[in-house]
Each structure stands twice: as C-alpha cells, then as structure tokens.
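Participant: Have a peek at final03.cif (mmCIF, C-alpha atoms).
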```cif
data_input
loop_
_atom_site.group_PDB
_atom_site.id
_atom_site.type_symbol
_atom_site.label_atom_id
_atom_site.label_comp_id
_atom_site.auth_asym_id
_atom_site.auth_seq_id
_atom_site.Cartn_x
_atom_site.Cartn_y
_atom_site.Cartn_z
ATOM 1 C CA ALA A 1 -8.012 17.435 63.860
ATOM 2 C CA TYR A 2 -4.684 19.158 63.115
ATOM 3 C CA MET A 3 -5.841 22.760 63.197
ATOM 4 C CA ASP A 4 -5.733 23.466 67.020
ATOM 5 C CA SER A 5 -5.923 27.172 67.777
ATOM 6 C CA PRO A 6 -3.273 28.842 70.041
ATOM 7 C CA GLN A 7 -5.879 29.046 72.851
ATOM 8 C CA GLU A 8 -6.557 25.305 72.676
ATOM 9 C CA ILE A 9 -2.823 24.587 72.743
ATOM 10 C CA ALA A 10 -2.394 26.805 75.814
ATOM 11 C CA GLU A 11 -5.229 25.001 77.612
ATOM 12 C CA THR A 12 -3.596 21.676 76.753
ATOM 13 C CA ILE A 13 -0.295 22.841 78.263
ATOM 14 C CA LYS A 14 -2.039 23.893 81.496
ATOM 15 C CA SER A 15 -3.886 20.594 81.788
ATOM 16 C CA TYR A 16 -0.713 18.515 81.676
ATOM 17 C CA ARG A 17 1.330 19.589 84.735
ATOM 18 C CA GLY A 18 3.520 16.642 85.551
ATOM 19 C CA ASP A 19 4.518 15.391 82.123
ATOM 20 C CA ALA A 20 3.446 18.259 79.964
ATOM 21 C CA SER A 21 6.523 18.275 77.726
ATOM 22 C CA GLY A 22 6.338 14.555 77.108
ATOM 23 C CA SER A 23 2.608 14.652 76.368
ATOM 24 C CA LEU A 24 3.019 17.573 74.021
ATOM 25 C CA ARG A 25 5.858 15.779 72.220
ATOM 26 C CA ALA A 26 3.706 12.688 71.819
ATOM 27 C CA SER A 27 0.764 14.787 70.643
ATOM 28 C CA ALA A 28 2.944 16.618 68.135
ATOM 29 C CA GLU A 29 4.383 13.377 66.812
ATOM 30 C CA PHE A 30 0.898 11.915 66.494
ATOM 31 C CA LYS A 31 -0.397 14.933 64.609
ATOM 32 C CA VAL A 32 2.569 15.805 62.412
ATOM 33 C CA ALA A 33 4.048 12.404 61.647
ATOM 34 C CA PRO A 34 1.151 11.188 59.486
ATOM 35 C CA VAL A 35 1.280 14.427 57.485
ATOM 36 C CA TYR A 36 5.001 14.223 56.780
ATOM 37 C CA GLY A 37 4.687 10.511 56.216
ATOM 38 C CA SER A 38 2.069 10.997 53.508
ATOM 39 C CA VAL A 39 4.219 13.570 51.741
ATOM 40 C CA GLU A 40 7.276 11.328 51.846
ATOM 41 C CA MET A 41 5.293 8.363 50.664
ATOM 42 C CA GLY A 42 3.851 10.432 47.800
ATOM 43 C CA ALA A 43 7.297 11.518 46.699
ATOM 44 C CA SER A 44 8.569 7.966 46.827
ATOM 45 C CA LYS A 45 5.575 6.798 44.836
ATOM 46 C CA ASP A 46 6.258 9.393 42.162
ATOM 47 C CA LYS A 47 9.881 8.398 42.013
ATOM 48 C CA ILE A 48 9.080 4.725 41.716
ATOM 49 C CA SER A 49 6.454 5.332 39.041
ATOM 50 C CA GLY A 50 9.001 7.394 37.082
ATOM 51 C CA GLU A 51 11.532 4.591 37.269
ATOM 52 C CA GLN A 52 8.982 2.002 36.220
ATOM 53 C CA ASP A 53 7.811 4.144 33.312
ATOM 54 C CA GLY A 54 10.794 2.964 31.281
ATOM 55 C CA SER A 55 10.874 6.119 29.126
ATOM 56 C CA PRO A 56 14.197 7.920 29.627
ATOM 57 C CA SER A 57 14.401 11.631 29.019
ATOM 58 C CA GLU A 58 15.837 12.907 25.756
ATOM 59 C CA ALA A 59 18.979 13.900 27.653
ATOM 60 C CA ASP A 60 19.588 10.200 28.360
ATOM 61 C CA TYR A 61 19.208 9.260 24.672
ATOM 62 C CA VAL A 62 22.512 8.235 23.076
ATOM 63 C CA LEU A 63 22.915 9.822 19.667
ATOM 64 C CA ILE A 64 23.589 7.294 16.931
ATOM 65 C CA ALA A 65 26.839 9.073 16.031
ATOM 66 C CA ASP A 66 28.022 8.650 19.646
ATOM 67 C CA ARG A 67 27.621 4.865 19.580
ATOM 68 C CA SER A 68 30.228 2.292 18.586
ATOM 69 C CA PRO A 69 30.791 1.834 14.822
ATOM 70 C CA MET A 70 29.057 -1.555 14.829
ATOM 71 C CA ASP A 71 26.099 -0.209 16.797
ATOM 72 C CA GLN A 72 25.746 2.641 14.318
ATOM 73 C CA LEU A 73 25.637 0.293 11.324
ATOM 74 C CA LEU A 74 23.205 -2.029 13.126
ATOM 75 C CA SER A 75 20.903 0.757 14.334
ATOM 76 C CA TRP A 76 17.345 0.658 13.014
ATOM 77 C CA PRO A 77 17.517 4.126 11.416
ATOM 78 C CA PHE A 78 20.552 3.112 9.347
ATOM 79 C CA ILE A 79 18.943 -0.225 8.421
ATOM 80 C CA MET A 80 15.784 1.589 7.304
ATOM 81 C CA LEU A 81 17.877 4.065 5.322
ATOM 82 C CA THR A 82 19.752 1.182 3.659
ATOM 83 C CA LEU A 83 16.527 -0.555 2.628
ATOM 84 C CA PHE A 84 15.017 2.703 1.402
ATOM 85 C CA PHE A 85 18.093 3.532 -0.670
ATOM 86 C CA SER A 86 18.499 0.005 -2.069
ATOM 87 C CA ILE A 87 14.882 -0.398 -3.192
ATOM 88 C CA ASN A 88 14.853 2.984 -4.923
ATOM 89 C CA MET A 89 18.268 2.371 -6.460
ATOM 90 C CA VAL A 90 17.110 -0.976 -7.898
ATOM 91 C CA SER A 91 13.895 0.612 -9.149
ATOM 92 C CA THR A 92 15.674 3.407 -11.032
ATOM 93 C CA ASN A 93 18.260 0.944 -12.360
ATOM 94 C CA TRP A 94 15.376 -1.123 -13.727
ATOM 95 C CA SER A 95 14.084 1.914 -15.621
ATOM 96 C CA LEU A 96 17.540 2.662 -17.013
ATOM 97 C CA ALA A 97 18.328 -0.899 -18.032
ATOM 98 C CA THR A 98 14.991 -1.622 -19.712
ATOM 99 C CA ALA A 99 14.355 1.793 -21.285
ATOM 100 C CA ALA A 100 15.180 0.674 -24.819
ATOM 101 C CA ASP A 101 12.932 -2.385 -24.757
ATOM 102 C CA PHE A 102 10.156 -0.623 -22.870
ATOM 103 C CA LEU A 103 10.003 2.291 -25.317
ATOM 104 C CA ALA A 104 10.269 -0.064 -28.281
ATOM 105 C CA SER A 105 7.235 -1.942 -26.937
ATOM 106 C CA LEU A 106 5.348 1.368 -27.092
ATOM 107 C CA GLY A 107 6.333 2.018 -30.703
ATOM 108 C CA ASP A 108 9.672 3.838 -30.496
ATOM 109 C CA THR A 109 11.121 1.953 -33.467
ATOM 110 C CA ASN A 110 13.592 4.620 -34.581
ATOM 111 C CA GLY A 111 15.038 5.283 -31.102
ATOM 112 C CA LYS A 112 13.955 8.934 -30.989
ATOM 113 C CA TYR A 113 12.432 8.747 -27.509
ATOM 114 C CA LEU A 114 15.234 6.551 -26.244
ATOM 115 C CA SER A 115 17.673 9.305 -27.215
ATOM 116 C CA LEU A 116 15.596 11.822 -25.265
ATOM 117 C CA PHE A 117 15.573 9.522 -22.261
ATOM 118 C CA THR A 118 19.351 9.034 -22.444
ATOM 119 C CA ILE A 119 20.062 12.749 -22.770
ATOM 120 C CA MET A 120 17.881 13.669 -19.805
ATOM 121 C CA GLN A 121 19.631 11.412 -17.295
ATOM 122 C CA PRO A 122 22.909 13.392 -16.992
ATOM 123 C CA ALA A 123 20.755 16.526 -16.868
ATOM 124 C CA SER A 124 19.538 15.394 -13.453
ATOM 125 C CA ILE A 125 22.194 17.666 -11.980
ATOM 126 C CA PHE A 126 19.937 20.610 -12.774
ATOM 127 C CA ALA A 127 17.514 19.332 -10.139
ATOM 128 C CA LEU A 128 20.048 20.038 -7.377
ATOM 129 C CA PRO A 129 18.667 23.534 -6.593
ATOM 130 C CA LEU A 130 15.254 21.916 -6.107
ATOM 131 C CA VAL A 131 16.762 19.328 -3.778
ATOM 132 C CA ASP A 132 18.587 22.037 -1.846
ATOM 133 C CA ALA A 133 15.420 24.107 -1.458
ATOM 134 C CA THR A 134 13.459 21.071 -0.243
ATOM 135 C CA VAL A 135 16.037 20.169 2.408
ATOM 136 C CA HIS A 136 16.426 23.708 3.718
ATOM 137 C CA ARG A 137 12.729 24.577 3.810
ATOM 138 C CA LEU A 138 11.128 21.233 4.652
ATOM 139 C CA GLY A 139 13.980 19.120 6.040
ATOM 140 C CA PHE A 140 15.548 15.799 5.133
ATOM 141 C CA GLY A 141 12.429 13.837 6.033
ATOM 142 C CA ALA A 142 10.342 15.636 3.418
ATOM 143 C CA ALA A 143 13.137 15.260 0.867
ATOM 144 C CA PHE A 144 13.133 11.483 1.394
ATOM 145 C CA GLN A 145 9.376 11.430 0.899
ATOM 146 C CA CYS A 146 9.813 13.370 -2.348
ATOM 147 C CA VAL A 147 11.752 10.369 -3.673
ATOM 148 C CA ASN A 148 8.752 8.137 -2.934
ATOM 149 C CA GLY A 149 6.252 10.574 -4.413
ATOM 150 C CA ILE A 150 8.141 11.128 -7.662
ATOM 151 C CA ALA A 151 8.896 7.401 -8.026
ATOM 152 C CA PHE A 152 5.214 6.565 -7.548
ATOM 153 C CA GLY A 153 4.311 9.132 -10.221
ATOM 154 C CA TYR A 154 6.639 7.975 -12.979
ATOM 155 C CA ILE A 155 5.959 4.271 -12.395
ATOM 156 C CA LEU A 156 2.234 4.998 -12.573
ATOM 157 C CA ILE A 157 2.783 6.701 -15.932
ATOM 158 C CA LYS A 158 4.646 3.632 -17.189
ATOM 159 C CA LEU A 159 1.735 1.448 -16.118
ATOM 160 C CA LEU A 160 -1.170 3.520 -17.402
ATOM 161 C CA SER A 161 0.031 5.271 -20.539
ATOM 162 C CA ASP A 162 1.298 3.920 -23.856
ATOM 163 C CA ASN A 163 1.646 7.418 -25.319
ATOM 164 C CA LEU A 164 5.306 8.128 -26.034
ATOM 165 C CA ASN A 165 4.834 11.879 -25.579
ATOM 166 C CA VAL A 166 3.420 11.291 -22.092
ATOM 167 C CA GLN A 167 6.431 9.097 -21.361
ATOM 168 C CA ILE A 168 8.615 12.199 -21.608
ATOM 169 C CA ILE A 169 7.272 13.084 -18.145
ATOM 170 C CA HIS A 170 8.549 9.696 -17.031
ATOM 171 C CA PHE A 171 12.000 10.531 -18.479
ATOM 172 C CA VAL A 172 12.205 13.780 -16.507
ATOM 173 C CA ALA A 173 10.892 12.178 -13.323
ATOM 174 C CA VAL A 174 13.483 9.373 -13.400
ATOM 175 C CA ALA A 175 16.263 11.957 -13.683
ATOM 176 C CA VAL A 176 14.838 14.042 -10.829
ATOM 177 C CA VAL A 177 14.236 11.076 -8.506
ATOM 178 C CA ARG A 178 17.820 9.860 -8.998
ATOM 179 C CA CYS A 179 19.107 13.319 -8.126
ATOM 180 C CA TYR A 180 16.973 13.400 -4.987
ATOM 181 C CA LEU A 181 17.882 9.850 -3.993
ATOM 182 C CA TYR A 182 21.655 10.197 -4.145
ATOM 183 C CA ALA A 183 21.958 13.834 -3.068
ATOM 184 C CA VAL A 184 19.642 13.550 -0.062
ATOM 185 C CA THR A 185 20.910 10.151 1.120
ATOM 186 C CA PHE A 186 24.582 11.050 1.079
ATOM 187 C CA SER A 187 23.986 14.524 2.502
ATOM 188 C CA PHE A 188 22.050 13.036 5.392
ATOM 189 C CA LEU A 189 24.489 10.206 6.122
ATOM 190 C CA PRO A 190 27.106 12.442 7.858
ATOM 191 C CA ARG A 191 24.351 13.781 10.114
ATOM 192 C CA LEU A 192 23.371 10.274 11.159
ATOM 193 C CA LEU A 193 26.758 8.550 11.495
ATOM 194 C CA SER A 194 30.034 9.688 13.029
ATOM 195 C CA ALA A 195 32.838 10.873 10.737
ATOM 196 C CA ASN A 196 34.810 7.634 11.049
ATOM 197 C CA VAL A 197 31.782 5.517 10.082
ATOM 198 C CA VAL A 198 30.427 7.526 7.135
ATOM 199 C CA GLY A 199 32.779 5.814 4.671
ATOM 200 C CA LYS A 200 31.780 2.355 5.881
ATOM 201 C CA GLY A 201 28.132 3.334 5.762
ATOM 202 C CA THR A 202 28.462 4.607 2.188
ATOM 203 C CA GLY A 203 30.142 1.397 1.090
ATOM 204 C CA PHE A 204 27.470 -0.666 2.805
ATOM 205 C CA LEU A 205 24.683 1.251 1.055
ATOM 206 C CA TYR A 206 26.239 0.638 -2.362
ATOM 207 C CA MET A 207 26.979 -2.996 -1.562
ATOM 208 C CA VAL A 208 23.397 -3.794 -0.538
ATOM 209 C CA GLY A 209 22.003 -1.842 -3.484
ATOM 210 C CA GLY A 210 24.357 -3.634 -5.882
ATOM 211 C CA VAL A 211 23.449 -7.077 -4.581
ATOM 212 C CA ALA A 212 19.738 -6.235 -4.667
ATOM 213 C CA SER A 213 20.074 -5.199 -8.320
ATOM 214 C CA PHE A 214 20.524 -8.876 -9.227
ATOM 215 C CA LEU A 215 16.792 -9.225 -8.501
ATOM 216 C CA ASN A 216 16.209 -7.447 -11.812
ATOM 217 C CA ILE A 217 17.457 -10.523 -13.694
ATOM 218 C CA PRO A 218 14.382 -12.697 -13.008
ATOM 219 C CA LEU A 219 12.178 -9.651 -13.642
ATOM 220 C CA ASN A 220 13.839 -9.228 -17.026
ATOM 221 C CA ASN A 221 13.052 -12.861 -17.825
ATOM 222 C CA MET A 222 9.458 -12.247 -16.761
ATOM 223 C CA VAL A 223 9.175 -9.485 -19.355
ATOM 224 C CA LEU A 224 9.841 -12.012 -22.122
ATOM 225 C CA THR A 225 6.686 -13.923 -21.240
ATOM 226 C CA LYS A 226 4.361 -11.472 -19.472
ATOM 227 C CA GLY A 227 5.477 -8.037 -20.603
ATOM 228 C CA PHE A 228 6.455 -4.984 -18.545
ATOM 229 C CA PHE A 229 3.259 -4.648 -16.534
ATOM 230 C CA PRO A 230 4.077 -7.137 -13.691
ATOM 231 C CA PRO A 231 7.576 -5.772 -12.926
ATOM 232 C CA ASN A 232 6.383 -2.168 -13.089
ATOM 233 C CA LEU A 233 3.456 -3.031 -10.815
ATOM 234 C CA LEU A 234 5.886 -4.623 -8.352
ATOM 235 C CA TYR A 235 7.983 -1.471 -8.177
ATOM 236 C CA LEU A 236 4.842 0.626 -7.758
ATOM 237 C CA ILE A 237 3.808 -1.508 -4.775
ATOM 238 C CA LEU A 238 7.301 -1.192 -3.286
ATOM 239 C CA THR A 239 6.788 2.561 -2.916
ATOM 240 C CA ILE A 240 4.456 1.719 -0.016
ATOM 241 C CA PRO A 241 7.085 0.160 2.305
ATOM 242 C CA THR A 242 9.666 2.760 1.258
ATOM 243 C CA THR A 243 7.221 5.442 2.417
ATOM 244 C CA PHE A 244 7.146 3.856 5.878
ATOM 245 C CA MET A 245 10.945 3.514 5.837
ATOM 246 C CA ALA A 246 11.318 7.216 5.061
ATOM 247 C CA GLY A 247 8.786 7.947 7.806
ATOM 248 C CA PHE A 248 10.899 6.003 10.302
ATOM 249 C CA VAL A 249 13.924 8.074 9.289
ATOM 250 C CA GLN A 250 11.817 11.212 9.771
ATOM 251 C CA LEU A 251 10.989 10.170 13.329
ATOM 252 C CA THR A 252 14.669 9.492 13.980
ATOM 253 C CA ILE A 253 15.604 12.959 12.742
ATOM 254 C CA ALA A 254 13.078 14.541 15.110
ATOM 255 C CA LYS A 255 14.274 12.426 18.047
ATOM 256 C CA GLU A 256 17.951 13.165 17.384
ATOM 257 C CA ASN A 257 17.292 16.899 17.063
ATOM 258 C CA LYS A 258 15.317 16.941 20.322
ATOM 259 C CA ALA A 259 18.086 15.036 22.089
ATOM 260 C CA LYS A 260 20.691 17.471 20.777
ATOM 261 C CA LYS A 261 18.679 20.388 22.136
ATOM 262 C CA GLU A 262 18.391 18.662 25.520
ATOM 263 C CA LYS A 263 22.153 18.155 25.543
ATOM 264 C CA GLY A 264 22.784 21.773 24.591
ATOM 265 C CA LEU A 265 24.174 20.965 21.153
ATOM 266 C CA ILE A 266 23.589 23.221 18.163
ATOM 267 C CA VAL A 267 21.065 21.933 15.622
ATOM 268 C CA HIS A 268 21.305 23.476 12.164
#
```
Represent the supplied structure as structure tokens.
Facilitator:
Amino acid sequence: AYMDSPQEIAETIKSYRGDASGSLRASAEFKVAPVYGSVEMGASKDKISGEQDGSPSEADYVLIADRSPMDQLLSWPFIMLTLFFSINMVSTNWSLATAADFLASLGDTNGKYLSLFTIMQPASIFALPLVDATVHRLGFGAAFQCVNGIAFGYILIKLLSDNLNVQIIHFVAVAVVRCYLYAVTFSFLPRLLSANVVGKGTGFLYMVGGVASFLNIPLNNMVLTKGFFPPNLLYLILTIPTTFMAGFVQLTIAKENKAKKEKGLIVH
C-alpha cells in the first residue's frame, strides 16, 4: 500500500488538477504518518519498559566506599563480612581456649601435644605467602572460602579422630585458618570501605567478635556434662552459613569491580 511506483505517483498528480497539492499532502500524511507513528511508539515502548525494569546500569551503582559512613557500616556486604569474621573468630577462639582440656580428654596427660599446639599458633605467620598467593591468583572471594574449607577440615578431624598424632593436622590447620581469617579480612576492608571508615569498621568487627565470644561460656559448661562433641558439631554446622556469607561477599566484589570498570576506574 505504501510502495507506489514513480509512474503511479505521476498519474495521481495528473488526475488531481484543482487541488492536487492538497490531495497529495493528505495522501502523504495518510501513508507516512502511520509508519512514523509506529516507530515513535516502539521507541517509547522500549523506553518505558527500560524504566519499569528497575535494574539500573552498573554505571548508576553507588560504590560502598562512596556512600555515607553510616550507610557503609549498614550495607549488607559489610554486615555479611562482620558475621563471617565473628563466627570464625569465635570458632578459632574456642579451639584455643579448650585445647588443653580437649587434648587431655584424648590422652595427652603429660602436655606434649598441648605444647606442640601452642608452639604452632605463632608460626601461623609462615602461612602469609600462601595467603598472598591465593589472593593474587584467585581473588579475595576464594581466600574467604579457604577460611571455610580449612575450618571445616580441622573441626571434622576433632569430631572423628581421637588419635593425638592425627590431631597435629588440626593444630596446623587452626594456625593457617587464623592467618587467612585476619590477613584476608583486614586486607579486604580498605577495598570495601572508604579510608575514613576503615578504622570504625575494624573496631566494629572486633567488638562484635568479642561480644560473640561470650557464647563460648555456655558451650564450656556443656562440655562438663556432654563432652566436646556437641560444641564441635555446632561449629562444624556453622561453616555452612559462613560459606553463604563469603559467597555474598564474592558477589559484592564482582559487582563493585564491574561498576568501577563502567565508571572508568582502575581495578587492580
């Protein structure tokens, strides 16, 4: 209907003598207007659907470090990081505080294995090259998951083995997981929060972890009646939610890095 040939147009012009220009104008408006109208309506529809989508581009994402100090400390990534750090801190503190009694319950009457456990804890600093390699090759997200994996391993050893020689693996793992936990958390914190909030964030992490450590008191009382199995099982189960917490932080890292690229910022 809209593909008139030049010959047909010429014949139309000849047929309209008195009001040819007006008729042609009306014909053109009739033929062209619906076409342009459909295009305009399509564009408007796309625009409206984009606005109703509710998913802003990464360029519109506000980096956590660019938010107000209160908004940074109340952001979900920082809350997840705080819970992750606190649970793992309490778990390792439990192993440190109950090492003597736990090993004695396995037959370490002369304190030989307790001495090995005590000596290995300051040696955790030697795990720093491993932490550094993990962060640089696999990223912070994988390093956080290493904390969960190692914690799951040594708690499982405590639950399943009463062999003191096997417990030496547990000694090494506790030292390594503490190195990972503190080194990775406080290396990542300046990447998440702005410089003027890092100090507050660090204090908040230690405060929540310190308060949560009081939960070990009723667990210690439980040991007197039911032994070490229930508390150790509890901390093994807690590695499940901490895995999801670390996963949430991983997603945040990916989102922040993508937003930085969209904004033209350098991502190391």
Participant: Evaluate the PyMOL selection byres ((chain A and resi 88) around 9) and record the selected residues as a list of chain:residue names, following the chain and residue labels used in the document.
Facilitator: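 Answer for the PyMOL selection byres ((chain A and resi 88) around 9): A:Leu83, A:Phe84, A:Phe85, A:Ser86, A:Ile87, A:Met89, A:Val90, A:Ser91, A:Thr92, A:Asn93, A:Val147, A:Asn148, A:Ala151, A:Val177, A:Arg178, A:Leu181, A:Gly209, A:Tyr235, A:Leu238, A:Thr239, A:Thr242.
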Participant: Please, what distance in Å, to one decimal, runs between atom CA of Ala142 of chain A and atom CA of Lys258 of chain A?
Facilitator: 17.7 Å
Participant: Under the rule of at most 10 Å, produce a per-residue listing of segment 125-218 of chain A near segment 58-77 of chain A: chain, number, name, the closest pair of atoms, and the distance in Å, as JSON lines, using all atoms listed in the file.
Facilitator:
```
{"residue": "A:Pro190", "atom": "CA", "partner": "A:Ala65", "partner_atom": "CA", "distance": 8.8}
{"residue": "A:Arg191", "atom": "CA", "partner": "A:Ala65", "partner_atom": "CA", "distance": 8.0}
{"residue": "A:Leu192", "atom": "CA", "partner": "A:Ala65", "partner_atom": "CA", "distance": 6.1}
{"residue": "A:Leu193", "atom": "CA", "partner": "A:Ala65", "partner_atom": "CA", "distance": 4.6}
{"residue": "A:Ser194", "atom": "CA", "partner": "A:Ala65", "partner_atom": "CA", "distance": 4.4}
{"residue": "A:Ala195", "atom": "CA", "partner": "A:Ala65", "partner_atom": "CA", "distance": 8.2}
{"residue": "A:Asn196", "atom": "CA", "partner": "A:Pro69", "partner_atom": "CA", "distance": 8.0}
{"residue": "A:Val197", "atom": "CA", "partner": "A:Pro69", "partner_atom": "CA", "distance": 6.1}
{"residue": "A:Val198", "atom": "CA", "partner": "A:Pro69", "partner_atom": "CA", "distance": 9.6}
{"residue": "A:Lys200", "atom": "CA", "partner": "A:Leu73", "partner_atom": "CA", "distance": 8.5}
{"residue": "A:Gly201", "atom": "CA", "partner": "A:Leu73", "partner_atom": "CA", "distance": 6.8}
{"residue": "A:Phe204", "atom": "CA", "partner": "A:Leu73", "partner_atom": "CA", "distance": 8.8}
```
Participant: In Å to one decimal, how far is atom CA of Ile150 of chain A from atom CA of Phe188 of chain A?
Facilitator: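 Between these atoms lies a distance of 19.2 Å.
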Participant: Name all residues at most 6 Å from segment 119-133 of chain A (count all atoms listed in the file; drop same-chain ones fewer than 4 positions away) and give them as a list in words.
Facilitator: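 The residues that qualify are Arg137, Ala175, Val176 and Cys179 of chain A.
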Participant: What do you get, as a ChimeraX atom specification, if you spell out every residue that the PyMOL selection byres ((chain A and resi 157) around 12) selects here?
Facilitator: /A:150-156,158-174,229,232-233,236
